[in-house]
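Take a look at the structure set out below.
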Amino acid sequence: MAQGFMNNDIVVEDWAGELTAVRHDEETGAHFVIAVHSTRLGPATGGTRAMVYSDVADAVADARRLAGAMTYKMAVAGLPMGGGKSVIALPAPRAELDSATWRRILQVHAANLRLLKGSYWTGPDIGTNSGDMDILRRSTDYVFGRSIEAGGPGSSAGNTAVGVFAAVQAAAREAGVADLSGRRVLIPGLGAVGAQVAEFAREAGARLLVADISHDRCAPFEAQGAQRVPVDEVTTTECDVLVPCATGGLITTRVAETVPCAAIAGAANNVLAGDEAAEVLRRRGICYAPDFVANAGGAIHLVGREVLRWSAYEVRVRVLEIGETVERIFKSARAQDITTGAAARQIAEANLAAALA
Ligand code: NAI
Ligand code: PHE
């Protein structure tokens, strides 16, 4: 098992959030980070991301960025929750951990959640699933997203995919593509969300281009006629809509300057490496649906079912409204000559300010 981190310096300035808790577990070598960005609208809420990081500072920075995005996601979606995120920096990829190590990691995470006494609620994210939420929930209340068998609402991926596809269609319309039929839709990341979005795009008659680090995830789509794109060519391959459904940071400023597509809308959290990338996309006329708006279907699913007690039907209606929200954001961004991210943040800030009034 890998030993610790090369760099344990944590940068504490420049973060507008409320709290960052960090813990190291010697027994497993894992580091645990919980970032509470905002509790203004309700308890901070966001998934648990479990993966390998280059160092603990990187894990803290990721947790904080993701927690900030959750605040905006909840606020734009009109959900009564704040923004938070937990990151578990694993000593090795999850697939390589033995079950005792993973069990211990979940135990420590549950203890951390108990310590925060409900100011932060978790759920699934990259590296965790409904089964893990079932285990966490045995020793702490502050958990969304248990499996249906355990009495929870089940995976959020289906509703995330429905919302993402509504955003894809809205972004395409904004780019002058009224109908996806025959259009090239490129989807990097064919996991729980991306695979379902790919299915929707295929049903809409799109020409599907797919990419994943896992050959097995691409194979079923290739068998149905999709073109496989190497992972390192997704931002240089021409398409009408790019739909990032893997990890964040894909669109750096440099990528934004050259990416050959008309629109971008996907599931990946924090897909833009920064505000400058957003500005470059705007200047080039590339229609970008902000990630925290496009991928809110999972949050609507979890909070809708478990906090607001909505039916599955009501959740679906709210998720489909993401398409209209994205349209409204494009219109507002055009009218003010600002990026779509800035226009979306205005909606979030207005909802956050209303909560203070
Ligand atoms: P997942 O873990 O099921 O799928 C991710 C897929 O991306 C995997 O197939 C993986 O092999 C692939 N991948 C990893 N690195 C890649 C790379 N560099 N290039 C191409 N493919 C790569 O995750 P899931 O649940 O589908 O989520 C996808 C994204 O959407 C994540 O960023 C997640 O945070 C975000 N998201 C997910 C929500 C959900 O409800 N599941 C809700 C909101 C956002
Ligand atoms: N991790 C997913 C997201 O980023 C789903 C999720 C939403 C998990 C809300 C917990 C709470 O939206």
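For the structure tokens, the naming scheme is as follows: chains receive sequential letters (A, B, ...) according to their order of presentation, residues are indexed from 1 within each chain, and ligands are indexed from 1 in presentation order.
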
Need the shell around A:Cys287: protein/DNA/RNA residues with any atom at most 12 Å away, counting only C-alpha atoms. Skip same-chain ones fewer than 4 positions apart. Format as a count of residues only?
39

List all protein, DNA and RNA residues that have an atom no more than 6 Å from any atom of ligand 1, counting only C-alpha atoms and all ligand atoms, and report them as a ChimeraX atom specification.
/A:125-126,156-157,160,188-194,211-214,231,245-248,267-269,295,298

Next, write the just-selected residues to a file, as a compact mmCIF listing (two decimals), in the first residue's frame, keeping C-alpha atoms as the atom set.
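Contents of result-v5.txt, freshly written:
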# COMPACT_ATOMS: atom_id res chain seq x y z
CA ASP A 125 -20.22 10.28 -6.31
CA ILE A 126 -17.25 8.94 -8.29
CA SER A 156 -29.23 9.09 -9.02
CA ALA A 157 -27.59 8.36 -12.38
CA THR A 160 -28.89 12.87 -13.91
CA PRO A 188 -16.34 10.95 -23.17
CA GLY A 189 -17.18 8.80 -20.12
CA LEU A 190 -19.66 5.92 -20.53
CA GLY A 191 -20.28 5.18 -16.87
CA ALA A 192 -23.57 5.23 -15.00
CA VAL A 193 -24.60 8.61 -16.47
CA GLY A 194 -22.76 8.75 -19.81
CA ALA A 211 -14.65 7.52 -25.54
CA ASP A 212 -13.78 5.81 -22.28
CA ILE A 213 -10.60 4.60 -20.63
CA SER A 214 -12.40 1.28 -20.37
CA VAL A 231 -9.47 9.38 -24.92
CA CYS A 245 -19.41 12.57 -18.62
CA ALA A 246 -16.09 11.53 -17.02
CA THR A 247 -14.10 13.66 -14.55
CA GLY A 248 -13.68 17.45 -14.36
CA ALA A 267 -22.50 15.55 -16.43
CA ALA A 268 -18.90 16.02 -15.29
CA ASN A 269 -18.66 18.37 -12.30
CA ASN A 295 -26.16 17.75 -14.01
CA GLY A 298 -29.08 13.60 -9.38

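Those residues that approach stretch 72-85 of chain A to within 7 Å, counting only C-alpha atoms, are Ile34, Ala35, Val36, His37, Ser38, Thr39, Arg40, Leu41, Gly42, Pro43, Ala44, Thr45, Gly46, Gly47, Thr48, Ala63, Leu66, Ala67, Gly68, Ala69, Tyr120, Phe292, Val293, Ala296, Arg345, Ile347, Ala348, Asn351 and Leu352 of chain A; same-chain residues fewer than 3 positions away are not listed.
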
Would you list the contacts of A:Asp132 as a ChimeraX atom specification, taking every protein, DNA or RNA residue within 12 Å and counting only C-alpha atoms, but skipping same-chain residues closer than 4 positions in sequence?
/A:47-50,99,102-107,109-110,122-128,136-139,143-147,150,154-155

Shell around A:Arg114 at 10 Å using only C-alpha atoms, local window under 6 positions removed, as a count of residues only
7

Based on DSSP run over this structure's backbone, return all residues of stretch 72-102 of chain A in helix (DSSP H, G or I), as a PyMOL selection string.
chain A and resi 72-77+94-96+99-102

Dump N, CA, C and O atoms for the selected residues as a short mmCIF file (atom, residue, chain, number, x, y, z; two decimals), in the first residue's frame?
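Saved file out-v8.cif follows:
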data_model
loop_
_atom_site.label_atom_id
_atom_site.label_comp_id
_atom_site.auth_asym_id
_atom_site.auth_seq_id
_atom_site.Cartn_x
_atom_site.Cartn_y
_atom_site.Cartn_z
N TYR A 72 -24.08 26.16 -5.74
CA TYR A 72 -24.75 26.72 -6.91
C TYR A 72 -25.79 25.75 -7.47
O TYR A 72 -26.88 26.16 -7.89
N LYS A 73 -25.44 24.46 -7.49
CA LYS A 73 -26.37 23.46 -8.05
C LYS A 73 -27.69 23.48 -7.28
O LYS A 73 -28.76 23.55 -7.87
N MET A 74 -27.59 23.45 -5.95
CA MET A 74 -28.80 23.42 -5.12
C MET A 74 -29.58 24.73 -5.29
O MET A 74 -30.81 24.72 -5.39
N ALA A 75 -28.86 25.85 -5.33
CA ALA A 75 -29.54 27.15 -5.39
C ALA A 75 -30.26 27.33 -6.73
O ALA A 75 -31.40 27.79 -6.76
N VAL A 76 -29.61 26.97 -7.84
CA VAL A 76 -30.28 27.13 -9.14
C VAL A 76 -31.46 26.17 -9.25
O VAL A 76 -32.52 26.53 -9.77
N ALA A 77 -31.31 24.96 -8.71
CA ALA A 77 -32.40 23.97 -8.80
C ALA A 77 -33.53 24.28 -7.82
O ALA A 77 -34.56 23.60 -7.83
N ARG A 94 -9.69 2.07 -5.81
CA ARG A 94 -10.64 1.29 -5.03
C ARG A 94 -10.63 -0.19 -5.43
O ARG A 94 -10.73 -1.07 -4.57
N ALA A 95 -10.51 -0.43 -6.73
CA ALA A 95 -10.54 -1.82 -7.21
C ALA A 95 -9.40 -2.65 -6.62
O ALA A 95 -9.47 -3.87 -6.56
N GLU A 96 -8.35 -2.00 -6.16
CA GLU A 96 -7.20 -2.73 -5.61
C GLU A 96 -7.25 -2.87 -4.09
O GLU A 96 -6.40 -3.50 -3.48
N SER A 99 -11.49 -5.89 0.95
CA SER A 99 -12.79 -5.49 1.50
C SER A 99 -12.66 -4.96 2.93
O SER A 99 -13.40 -4.06 3.34
N ALA A 100 -11.69 -5.50 3.71
CA ALA A 100 -11.52 -5.02 5.10
C ALA A 100 -11.08 -3.56 5.10
O ALA A 100 -11.53 -2.75 5.91
N THR A 101 -10.19 -3.21 4.17
CA THR A 101 -9.70 -1.82 4.09
C THR A 101 -10.86 -0.89 3.73
O THR A 101 -11.06 0.17 4.33
N TRP A 102 -11.65 -1.31 2.72
CA TRP A 102 -12.77 -0.45 2.30
C TRP A 102 -13.79 -0.30 3.44
O TRP A 102 -14.30 0.78 3.68
#

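The space between atom CA of A:Glu149 and atom CA of A:Tyr313 spans 19.6 Å.
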
How would you write, as an NGL selection string, the set of residues in stretch 89-301 of chain A that DSSP gives as strand (DSSP E or B)?
:A and (89 or 120-122 or 124 or 143 or 184-188 or 207-211 or 227-228 or 241-242 or 251 or 263-264 or 272 or 287-288)

Among A:Glu276, A:Glu222, A:Glu306, A:Glu26, ligand 2 is approached most closely, using only C-alpha atoms and all ligand atoms, by A:Glu306

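In terms of minimum interatomic distance to A:Gly151, A:Arg305 ranks closest within A:Arg305, A:Ala342, A:Thr237, A:Met51, counting only C-alpha atoms.
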
Taken to one decimal, the atom CA of A:Cys239-atom CA of A:Thr325 distance is 24.0 Å

Using only C-alpha atoms, determine which residues lie at most 12 Å from A:Gly225, disregarding the query and same-chain residues fewer than 5 positions distant; provide the list as a ChimeraX atom specification.
/A:202,205-210,218-220

Output C-alpha atoms for every residue in that selection, as a PDB file, in the first residue's frame.
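Full text of again_24.pdb as output:
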ATOM      1  CA  ARG A 202     -28.849   7.240 -30.199  1.00  0.00           C
ATOM      2  CA  GLY A 205     -30.911   9.656 -34.242  1.00  0.00           C
ATOM      3  CA  ALA A 206     -27.553  11.281 -33.405  1.00  0.00           C
ATOM      4  CA  ARG A 207     -24.281  10.011 -34.859  1.00  0.00           C
ATOM      5  CA  LEU A 208     -22.644   8.750 -31.711  1.00  0.00           C
ATOM      6  CA  LEU A 209     -18.932   9.164 -30.948  1.00  0.00           C
ATOM      7  CA  VAL A 210     -17.789   7.574 -27.684  1.00  0.00           C
ATOM      8  CA  CYS A 218     -17.239   1.453 -25.422  1.00  0.00           C
ATOM      9  CA  ALA A 219     -17.726  -2.007 -26.932  1.00  0.00           C
ATOM     10  CA  PRO A 220     -21.574  -2.207 -26.739  1.00  0.00           C
TER      11      PRO A 220
END

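Proximity of A:Ala111, A:Val317, A:Met70, A:Met133 to ligand 2, computed with only C-alpha atoms and all ligand atoms, is greatest for A:Met70.
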
Identify which of the residues A:Gln346, A:Thr71, A:Ser54, A:Ser311 lies closest to ligand 2, counting only C-alpha atoms and all ligand atoms when measuring atom-to-atom distances.
A:Thr71

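Interatomic distance, atom CA of A:Asp337 against atom CA of A:Phe165: 25.5 Å.
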
List as a ChimeraX atom specification the protein and nucleic acid residues near A:Leu97, meaning an atom at most 10 Å away when only C-alpha atoms are counted, but skip any in the same chain fewer than 6 places from it.
/A:1,28,90-91,103

Just the selected residues (N, CA and C atoms), exported as a PDB file, in the first residue's frame, please.
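The resulting file, result03.pdb, is shown below:
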ATOM      1  N   MET A   1       0.837  -1.204   0.000  1.00  0.00           N
ATOM      2  CA  MET A   1       0.000   0.000   0.000  1.00  0.00           C
ATOM      3  C   MET A   1       0.881   1.268   0.000  1.00  0.00           C
ATOM      4  N   THR A  28      -5.396   2.685   7.344  1.00  0.00           N
ATOM      5  CA  THR A  28      -5.614   2.446   5.904  1.00  0.00           C
ATOM      6  C   THR A  28      -4.741   3.341   5.026  1.00  0.00           C
ATOM      7  N   LEU A  90      -7.735   7.965  -1.511  1.00  0.00           N
ATOM      8  CA  LEU A  90      -7.429   6.555  -1.251  1.00  0.00           C
ATOM      9  C   LEU A  90      -5.932   6.269  -1.371  1.00  0.00           C
ATOM     10  N   PRO A  91      -5.461   5.264  -0.640  1.00  0.00           N
ATOM     11  CA  PRO A  91      -4.048   4.885  -0.748  1.00  0.00           C
ATOM     12  C   PRO A  91      -3.760   4.122  -2.042  1.00  0.00           C
ATOM     13  N   ARG A 103     -14.034  -1.409   4.160  1.00  0.00           N
ATOM     14  CA  ARG A 103     -14.989  -1.353   5.290  1.00  0.00           C
ATOM     15  C   ARG A 103     -14.510  -0.351   6.331  1.00  0.00           C
TER      16      ARG A 103
END

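Using only C-alpha atoms and all ligand atoms, the smallest distance between any of A:Leu186, A:Val87, A:Ala353, A:Val255 and ligand 2 comes from A:Val87.
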
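With only C-alpha atoms and all ligand atoms as the atoms that count, the minimum distance from ligand 2 to the choices A:Ala89, A:Ala178, A:Ala161, A:Ala57 is reached by A:Ala161.
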